Amino acid sequence: MRSNLVGVYPGSFDPITTGHIDIISKAIEVVDELVVAVAKEVAEKHPIFSAQERVEMIENDLALIRESLPRHKKITAVAFDGLLVDFVRSCHSTLIIRGLRAVSDFEYEFQLAAMNSKIASDLQTIFLPATEKSQFTASRIVKELVRLGGDVSDFVSPYTLTKLKEHYRR
Ligand code: ADP
């Protein structure tokens with residue numbers, strides 16, 4: 001029997017959007033186990049939510065996906081710090097999964113994958129394309145819209161929306 005194929009989908013998820021959910025849904029078609037890995041500290045980004053809050057929002061959104069998963073498939077969400085490649089190995093995985101939106105994502109993602117493969121040649125990165133409707137969905141823009149009072153209900157779950165509103169009311 002083939003051993004369990006584990007994929008790690010890392011990111012800041014500040015907060016999780018329907019774009020991330022799209023990638024999670026596609027990724028779990030390919031792997032047996034998916035670890036959604038929330039980076040505790042993100043260079044040059046200043047998350048508005050703590051890693052624990054980001055994991056909670058992901059867990060909330062995963063509940064729906066988990067309902068329709070085959071019994072042998074599993075998705076978890078965990079926070080990590082330190083080098084991604086070390087974390088991936090600690091999950092008994094050799095597979096990093098990233099999402100690609102427009103061309104603008106490409107250069108950064110390609111560079112990141114190249115650096116990771118330089119420091120850990122046993123790991124592979126695979127890219128999954130954003131679905132058409134998620135091409136322009138980004139956590140950064142969602143936050144800006146909420147801050148300015150815009151409607152983002154198409155881009156985040158009701159739970160995440162409540163958290164966002166709470167944050168900007170503070
Ligand atoms: P990071 O700070 O690591 O870029 P993000 O949470 O912004 O973390 O994104 C995590 C991954 O998900 C990245 O590969 C990013 O390109 C991808 N991603 C983010 N939003 C979308 C989307 N709308 N559609 C597809 N992929 C996305």
# chains A, B, ... in the order shown; residues from 1 in each chain; ligands from 1

$ closest_atom_pairs --of "stretch 75-116 of chain A" --to "stretch 137-141 of chain A" --cutoff "12 Å" --atoms "only C-alpha atoms" --output "CSV"
residue,atom,partner,partner_atom,distance
A:Gly99,CA,A:Ala138,CA,11.4
A:Leu100,CA,A:Thr137,CA,11.3
A:Arg101,CA,A:Thr137,CA,8.6
A:Ala102,CA,A:Thr137,CA,10.4
A:Asp105,CA,A:Ala138,CA,11.0

$ residues_around --residues "A:Met115" --least-positions-apart "4" --cutoff "12 Å" --atoms "only C-alpha atoms" --output "mmCIF file with N, CA, C and O atoms, in the first residue's frame"
data_model
loop_
_atom_site.group_PDB
_atom_site.id
_atom_site.type_symbol
_atom_site.label_atom_id
_atom_site.label_comp_id
_atom_site.auth_asym_id
_atom_site.auth_seq_id
_atom_site.Cartn_x
_atom_site.Cartn_y
_atom_site.Cartn_z
ATOM 1 N N LEU A 83 12.115 27.817 10.550
ATOM 2 C CA LEU A 83 12.205 27.568 9.111
ATOM 3 C C LEU A 83 11.079 26.666 8.626
ATOM 4 O O LEU A 83 10.814 25.624 9.223
ATOM 5 N N LEU A 84 10.457 27.083 7.526
ATOM 6 C CA LEU A 84 9.369 26.268 6.961
ATOM 7 C C LEU A 84 9.860 24.855 6.637
ATOM 8 O O LEU A 84 9.174 23.878 6.928
ATOM 9 N N VAL A 85 11.047 24.753 6.056
ATOM 10 C CA VAL A 85 11.510 23.418 5.627
ATOM 11 C C VAL A 85 11.642 22.475 6.823
ATOM 12 O O VAL A 85 11.365 21.277 6.707
ATOM 13 N N TYR A 108 7.519 36.269 -6.739
ATOM 14 C CA TYR A 108 7.766 36.013 -5.323
ATOM 15 C C TYR A 108 7.702 34.514 -5.025
ATOM 16 O O TYR A 108 8.581 33.953 -4.364
ATOM 17 N N GLU A 109 6.671 33.870 -5.529
ATOM 18 C CA GLU A 109 6.475 32.442 -5.246
ATOM 19 C C GLU A 109 7.609 31.605 -5.836
ATOM 20 O O GLU A 109 8.085 30.654 -5.220
ATOM 21 N N PHE A 110 8.056 31.989 -7.034
ATOM 22 C CA PHE A 110 9.116 31.261 -7.718
ATOM 23 C C PHE A 110 10.428 31.389 -6.937
ATOM 24 O O PHE A 110 11.161 30.419 -6.739
ATOM 25 N N GLN A 111 10.673 32.601 -6.450
ATOM 26 C CA GLN A 111 11.878 32.887 -5.673
ATOM 27 C C GLN A 111 11.876 32.080 -4.368
ATOM 28 O O GLN A 111 12.865 31.462 -3.992
ATOM 29 N N ILE A 119 17.887 25.202 0.091
ATOM 30 C CA ILE A 119 18.256 24.809 1.461
ATOM 31 C C ILE A 119 17.723 23.428 1.847
ATOM 32 O O ILE A 119 18.150 22.869 2.838
ATOM 33 N N ALA A 120 16.796 22.906 1.054
ATOM 34 C CA ALA A 120 16.238 21.578 1.360
ATOM 35 C C ALA A 120 15.871 20.892 0.044
ATOM 36 O O ALA A 120 14.721 20.935 -0.387
ATOM 37 N N SER A 121 16.860 20.267 -0.576
ATOM 38 C CA SER A 121 16.649 19.725 -1.929
ATOM 39 C C SER A 121 15.737 18.496 -1.920
ATOM 40 O O SER A 121 15.293 18.044 -2.974
ATOM 41 N N LEU A 123 12.835 18.527 -0.614
ATOM 42 C CA LEU A 123 11.432 18.993 -0.616
ATOM 43 C C LEU A 123 11.051 19.545 -1.987
ATOM 44 O O LEU A 123 11.885 20.063 -2.707
ATOM 45 N N GLN A 124 9.778 19.433 -2.308
ATOM 46 C CA GLN A 124 9.266 19.981 -3.566
ATOM 47 C C GLN A 124 8.167 20.991 -3.270
ATOM 48 O O GLN A 124 7.413 20.811 -2.309
ATOM 49 N N THR A 125 8.082 22.023 -4.126
ATOM 50 C CA THR A 125 6.938 22.937 -4.013
ATOM 51 C C THR A 125 6.037 22.702 -5.215
ATOM 52 O O THR A 125 6.523 22.607 -6.339
#

$ atom_distance --atom1 "atom CA of A:Lys143" --atom2 "atom CA of A:Tyr168"
9.0 Å

$ residues_near_ligand --ligand "ligand 1" --cutoff "9 Å" --atoms "only C-alpha atoms and all ligand atoms" --output "number ranges by chain"
A: 9-23, 38-39, 42-43, 45, 97-102, 105-106, 108-109, 127-140, 155

$ select_by_dssp --residues "chain A" --states "strand (DSSP E)" --output "PyMOL selection string"
chain A and resi 6-11+33-39+74-80+95-100+124-129

$ atom_distance --atom1 "atom CA of A:Leu34" --atom2 "atom CA of A:Val8"
5.8 Å

$ select_by_dssp --residues "chain A" --states "helix (DSSP H, G or I)" --output "count of residues only"
78

$ residues_around --residues "A:Leu5" --least-positions-apart "6" --cutoff "7 Å" --atoms "only C-alpha atoms" --output "list in words"
Val31, Asp32 and Glu33 of chain A

$ residues_around --residues "A:Thr162" --least-positions-apart "6" --cutoff "12 Å" --atoms "only C-alpha atoms" --output "ChimeraX atom specification"
/A:15,57,146,152-153,156,168-169

$ write_last_selection --atoms "C-alpha atoms" --output "PDB file, in the first residue's frame"
ATOM      1  CA  PRO A  15      -7.198  36.082   7.823  1.00  0.00           C
ATOM      2  CA  MET A  57     -10.609  31.074  11.932  1.00  0.00           C
ATOM      3  CA  VAL A 146     -13.380  46.065   6.251  1.00  0.00           C
ATOM      4  CA  VAL A 152     -16.431  41.500   2.185  1.00  0.00           C
ATOM      5  CA  SER A 153     -18.997  38.774   2.815  1.00  0.00           C
ATOM      6  CA  VAL A 156     -14.540  35.479   4.114  1.00  0.00           C
ATOM      7  CA  TYR A 168     -11.463  47.309  13.513  1.00  0.00           C
ATOM      8  CA  ARG A 169     -13.990  48.419  16.121  1.00  0.00           C
TER       9      ARG A 169
END

$ closest_residue --among "A:Ala79, A:Gly150, A:Ser90, A:Ile65" --to "A:Val6" --atoms "only C-alpha atoms"
A:Ser90

$ atom_distance --atom1 "atom CA of A:Ile28" --atom2 "atom CA of A:Ser50"
25.6 Å

$ decode --residues "stretch 29-66 of chain A" --atoms "N, CA, C and O atoms" --output "PDB file, in the first residue's frame"
ATOM      1  N   GLU A  29      -7.518  17.112  -2.690  1.00  0.00           N
ATOM      2  CA  GLU A  29      -7.796  16.141  -3.767  1.00  0.00           C
ATOM      3  C   GLU A  29      -6.523  15.381  -4.126  1.00  0.00           C
ATOM      4  O   GLU A  29      -6.567  14.248  -4.598  1.00  0.00           O
ATOM      5  N   VAL A  30      -5.377  16.041  -3.913  1.00  0.00           N
ATOM      6  CA  VAL A  30      -4.096  15.495  -4.365  1.00  0.00           C
ATOM      7  C   VAL A  30      -3.386  14.692  -3.270  1.00  0.00           C
ATOM      8  O   VAL A  30      -2.727  13.705  -3.545  1.00  0.00           O
ATOM      9  N   VAL A  31      -3.506  15.170  -2.008  1.00  0.00           N
ATOM     10  CA  VAL A  31      -2.782  14.520  -0.909  1.00  0.00           C
ATOM     11  C   VAL A  31      -3.770  13.781   0.004  1.00  0.00           C
ATOM     12  O   VAL A  31      -4.977  13.981  -0.085  1.00  0.00           O
ATOM     13  N   ASP A  32      -3.205  12.933   0.884  1.00  0.00           N
ATOM     14  CA  ASP A  32      -4.073  12.235   1.845  1.00  0.00           C
ATOM     15  C   ASP A  32      -4.275  13.083   3.091  1.00  0.00           C
ATOM     16  O   ASP A  32      -5.316  13.067   3.714  1.00  0.00           O
ATOM     17  N   GLU A  33      -3.212  13.818   3.415  1.00  0.00           N
ATOM     18  CA  GLU A  33      -3.269  14.637   4.625  1.00  0.00           C
ATOM     19  C   GLU A  33      -2.717  16.020   4.300  1.00  0.00           C
ATOM     20  O   GLU A  33      -1.646  16.133   3.694  1.00  0.00           O
ATOM     21  N   LEU A  34      -3.454  17.042   4.703  1.00  0.00           N
ATOM     22  CA  LEU A  34      -3.003  18.409   4.434  1.00  0.00           C
ATOM     23  C   LEU A  34      -2.831  19.145   5.760  1.00  0.00           C
ATOM     24  O   LEU A  34      -3.733  19.149   6.604  1.00  0.00           O
ATOM     25  N   VAL A  35      -1.657  19.743   5.923  1.00  0.00           N
ATOM     26  CA  VAL A  35      -1.410  20.552   7.111  1.00  0.00           C
ATOM     27  C   VAL A  35      -1.421  22.019   6.666  1.00  0.00           C
ATOM     28  O   VAL A  35      -0.578  22.433   5.866  1.00  0.00           O
ATOM     29  N   VAL A  36      -2.390  22.771   7.147  1.00  0.00           N
ATOM     30  CA  VAL A  36      -2.428  24.204   6.865  1.00  0.00           C
ATOM     31  C   VAL A  36      -1.558  24.857   7.939  1.00  0.00           C
ATOM     32  O   VAL A  36      -1.870  24.794   9.135  1.00  0.00           O
ATOM     33  N   ALA A  37      -0.437  25.415   7.495  1.00  0.00           N
ATOM     34  CA  ALA A  37       0.596  25.854   8.435  1.00  0.00           C
ATOM     35  C   ALA A  37       0.622  27.371   8.535  1.00  0.00           C
ATOM     36  O   ALA A  37       0.924  28.076   7.567  1.00  0.00           O
ATOM     37  N   VAL A  38       0.283  27.859   9.710  1.00  0.00           N
ATOM     38  CA  VAL A  38       0.160  29.298   9.930  1.00  0.00           C
ATOM     39  C   VAL A  38       1.477  29.845  10.493  1.00  0.00           C
ATOM     40  O   VAL A  38       1.892  29.464  11.590  1.00  0.00           O
ATOM     41  N   ALA A  39       2.104  30.710   9.723  1.00  0.00           N
ATOM     42  CA  ALA A  39       3.386  31.271  10.159  1.00  0.00           C
ATOM     43  C   ALA A  39       3.138  32.245  11.307  1.00  0.00           C
ATOM     44  O   ALA A  39       2.368  33.204  11.167  1.00  0.00           O
ATOM     45  N   LYS A  40       3.777  31.970  12.465  1.00  0.00           N
ATOM     46  CA  LYS A  40       3.539  32.836  13.632  1.00  0.00           C
ATOM     47  C   LYS A  40       4.045  34.241  13.366  1.00  0.00           C
ATOM     48  O   LYS A  40       3.376  35.223  13.628  1.00  0.00           O
ATOM     49  N   GLU A  41       5.263  34.298  12.859  1.00  0.00           N
ATOM     50  CA  GLU A  41       5.829  35.613  12.532  1.00  0.00           C
ATOM     51  C   GLU A  41       6.060  35.678  11.043  1.00  0.00           C
ATOM     52  O   GLU A  41       6.540  34.724  10.447  1.00  0.00           O
ATOM     53  N   VAL A  42       5.690  36.805  10.462  1.00  0.00           N
ATOM     54  CA  VAL A  42       5.809  36.927   9.022  1.00  0.00           C
ATOM     55  C   VAL A  42       6.638  38.166   8.698  1.00  0.00           C
ATOM     56  O   VAL A  42       6.236  39.279   9.035  1.00  0.00           O
ATOM     57  N   ALA A  43       7.781  37.947   8.055  1.00  0.00           N
ATOM     58  CA  ALA A  43       8.677  39.059   7.749  1.00  0.00           C
ATOM     59  C   ALA A  43       7.967  40.090   6.884  1.00  0.00           C
ATOM     60  O   ALA A  43       7.249  39.732   5.949  1.00  0.00           O
ATOM     61  N   GLU A  44       8.143  41.331   7.219  1.00  0.00           N
ATOM     62  CA  GLU A  44       7.583  42.466   6.468  1.00  0.00           C
ATOM     63  C   GLU A  44       6.059  42.507   6.436  1.00  0.00           C
ATOM     64  O   GLU A  44       5.465  43.269   5.705  1.00  0.00           O
ATOM     65  N   LYS A  45       5.430  41.607   7.182  1.00  0.00           N
ATOM     66  CA  LYS A  45       3.967  41.701   7.281  1.00  0.00           C
ATOM     67  C   LYS A  45       3.680  41.853   8.756  1.00  0.00           C
ATOM     68  O   LYS A  45       4.388  41.300   9.588  1.00  0.00           O
ATOM     69  N   HIS A  46       2.664  42.575   9.088  1.00  0.00           N
ATOM     70  CA  HIS A  46       2.318  42.738  10.495  1.00  0.00           C
ATOM     71  C   HIS A  46       0.907  42.213  10.675  1.00  0.00           C
ATOM     72  O   HIS A  46      -0.061  42.949  10.494  1.00  0.00           O
ATOM     73  N   PRO A  47       0.809  40.918  10.995  1.00  0.00           N
ATOM     74  CA  PRO A  47      -0.527  40.329  11.109  1.00  0.00           C
ATOM     75  C   PRO A  47      -1.388  41.076  12.130  1.00  0.00           C
ATOM     76  O   PRO A  47      -0.875  41.500  13.170  1.00  0.00           O
ATOM     77  N   ILE A  48      -2.659  41.239  11.822  1.00  0.00           N
ATOM     78  CA  ILE A  48      -3.555  41.890  12.792  1.00  0.00           C
ATOM     79  C   ILE A  48      -4.077  40.861  13.796  1.00  0.00           C
ATOM     80  O   ILE A  48      -4.529  41.221  14.868  1.00  0.00           O
ATOM     81  N   PHE A  49      -4.037  39.578  13.415  1.00  0.00           N
ATOM     82  CA  PHE A  49      -4.510  38.526  14.312  1.00  0.00           C
ATOM     83  C   PHE A  49      -3.332  37.709  14.829  1.00  0.00           C
ATOM     84  O   PHE A  49      -2.343  37.513  14.113  1.00  0.00           O
ATOM     85  N   SER A  50      -3.466  37.221  16.063  1.00  0.00           N
ATOM     86  CA  SER A  50      -2.429  36.334  16.603  1.00  0.00           C
ATOM     87  C   SER A  50      -2.488  35.015  15.835  1.00  0.00           C
ATOM     88  O   SER A  50      -3.496  34.708  15.178  1.00  0.00           O
ATOM     89  N   ALA A  51      -1.417  34.238  15.941  1.00  0.00           N
ATOM     90  CA  ALA A  51      -1.384  32.946  15.243  1.00  0.00           C
ATOM     91  C   ALA A  51      -2.545  32.071  15.712  1.00  0.00           C
ATOM     92  O   ALA A  51      -3.193  31.386  14.920  1.00  0.00           O
ATOM     93  N   GLN A  52      -2.833  32.140  17.027  1.00  0.00           N
ATOM     94  CA  GLN A  52      -3.923  31.328  17.571  1.00  0.00           C
ATOM     95  C   GLN A  52      -5.279  31.730  16.970  1.00  0.00           C
ATOM     96  O   GLN A  52      -6.096  30.886  16.604  1.00  0.00           O
ATOM     97  N   GLU A  53      -5.472  33.051  16.842  1.00  0.00           N
ATOM     98  CA  GLU A  53      -6.736  33.520  16.234  1.00  0.00           C
ATOM     99  C   GLU A  53      -6.830  33.080  14.767  1.00  0.00           C
ATOM    100  O   GLU A  53      -7.897  32.691  14.285  1.00  0.00           O
ATOM    101  N   ARG A  54      -5.694  33.146  14.061  1.00  0.00           N
ATOM    102  CA  ARG A  54      -5.702  32.746  12.648  1.00  0.00           C
ATOM    103  C   ARG A  54      -6.022  31.256  12.512  1.00  0.00           C
ATOM    104  O   ARG A  54      -6.778  30.860  11.630  1.00  0.00           O
ATOM    105  N   VAL A  55      -5.453  30.446  13.427  1.00  0.00           N
ATOM    106  CA  VAL A  55      -5.749  29.007  13.400  1.00  0.00           C
ATOM    107  C   VAL A  55      -7.235  28.781  13.696  1.00  0.00           C
ATOM    108  O   VAL A  55      -7.904  27.979  13.034  1.00  0.00           O
ATOM    109  N   GLU A  56      -7.776  29.521  14.668  1.00  0.00           N
ATOM    110  CA  GLU A  56      -9.197  29.367  15.025  1.00  0.00           C
ATOM    111  C   GLU A  56     -10.111  29.657  13.829  1.00  0.00           C
ATOM    112  O   GLU A  56     -11.081  28.943  13.587  1.00  0.00           O
ATOM    113  N   MET A  57      -9.780  30.720  13.090  1.00  0.00           N
ATOM    114  CA  MET A  57     -10.609  31.074  11.932  1.00  0.00           C
ATOM    115  C   MET A  57     -10.524  29.988  10.859  1.00  0.00           C
ATOM    116  O   MET A  57     -11.522  29.644  10.215  1.00  0.00           O
ATOM    117  N   ILE A  58      -9.315  29.434  10.680  1.00  0.00           N
ATOM    118  CA  ILE A  58      -9.151  28.348   9.701  1.00  0.00           C
ATOM    119  C   ILE A  58      -9.960  27.134  10.157  1.00  0.00           C
ATOM    120  O   ILE A  58     -10.704  26.537   9.377  1.00  0.00           O
ATOM    121  N   GLU A  59      -9.832  26.787  11.447  1.00  0.00           N
ATOM    122  CA  GLU A  59     -10.569  25.635  11.995  1.00  0.00           C
ATOM    123  C   GLU A  59     -12.064  25.796  11.742  1.00  0.00           C
ATOM    124  O   GLU A  59     -12.745  24.846  11.376  1.00  0.00           O
ATOM    125  N   ASN A  60     -12.568  27.000  11.952  1.00  0.00           N
ATOM    126  CA  ASN A  60     -13.987  27.258  11.727  1.00  0.00           C
ATOM    127  C   ASN A  60     -14.365  26.953  10.270  1.00  0.00           C
ATOM    128  O   ASN A  60     -15.368  26.294  10.003  1.00  0.00           O
ATOM    129  N   ASP A  61     -13.536  27.404   9.328  1.00  0.00           N
ATOM    130  CA  ASP A  61     -13.845  27.202   7.906  1.00  0.00           C
ATOM    131  C   ASP A  61     -13.638  25.742   7.484  1.00  0.00           C
ATOM    132  O   ASP A  61     -14.296  25.258   6.559  1.00  0.00           O
ATOM    133  N   LEU A  62     -12.722  25.063   8.183  1.00  0.00           N
ATOM    134  CA  LEU A  62     -12.440  23.669   7.818  1.00  0.00           C
ATOM    135  C   LEU A  62     -13.610  22.750   8.160  1.00  0.00           C
ATOM    136  O   LEU A  62     -13.790  21.710   7.519  1.00  0.00           O
ATOM    137  N   ALA A  63     -14.401  23.144   9.152  1.00  0.00           N
ATOM    138  CA  ALA A  63     -15.503  22.287   9.608  1.00  0.00           C
ATOM    139  C   ALA A  63     -16.377  21.865   8.424  1.00  0.00           C
ATOM    140  O   ALA A  63     -16.754  20.692   8.300  1.00  0.00           O
ATOM    141  N   LEU A  64     -16.649  22.795   7.532  1.00  0.00           N
ATOM    142  CA  LEU A  64     -17.504  22.527   6.378  1.00  0.00           C
ATOM    143  C   LEU A  64     -16.839  21.566   5.396  1.00  0.00           C
ATOM    144  O   LEU A  64     -17.470  20.624   4.911  1.00  0.00           O
ATOM    145  N   ILE A  65     -15.565  21.807   5.131  1.00  0.00           N
ATOM    146  CA  ILE A  65     -14.828  20.963   4.173  1.00  0.00           C
ATOM    147  C   ILE A  65     -14.716  19.536   4.722  1.00  0.00           C
ATOM    148  O   ILE A  65     -14.865  18.563   3.992  1.00  0.00           O
ATOM    149  N   ARG A  66     -14.466  19.447   6.031  1.00  0.00           N
ATOM    150  CA  ARG A  66     -14.244  18.123   6.642  1.00  0.00           C
ATOM    151  C   ARG A  66     -15.470  17.228   6.492  1.00  0.00           C
ATOM    152  O   ARG A  66     -15.342  16.018   6.363  1.00  0.00           O
TER     153      ARG A  66
END
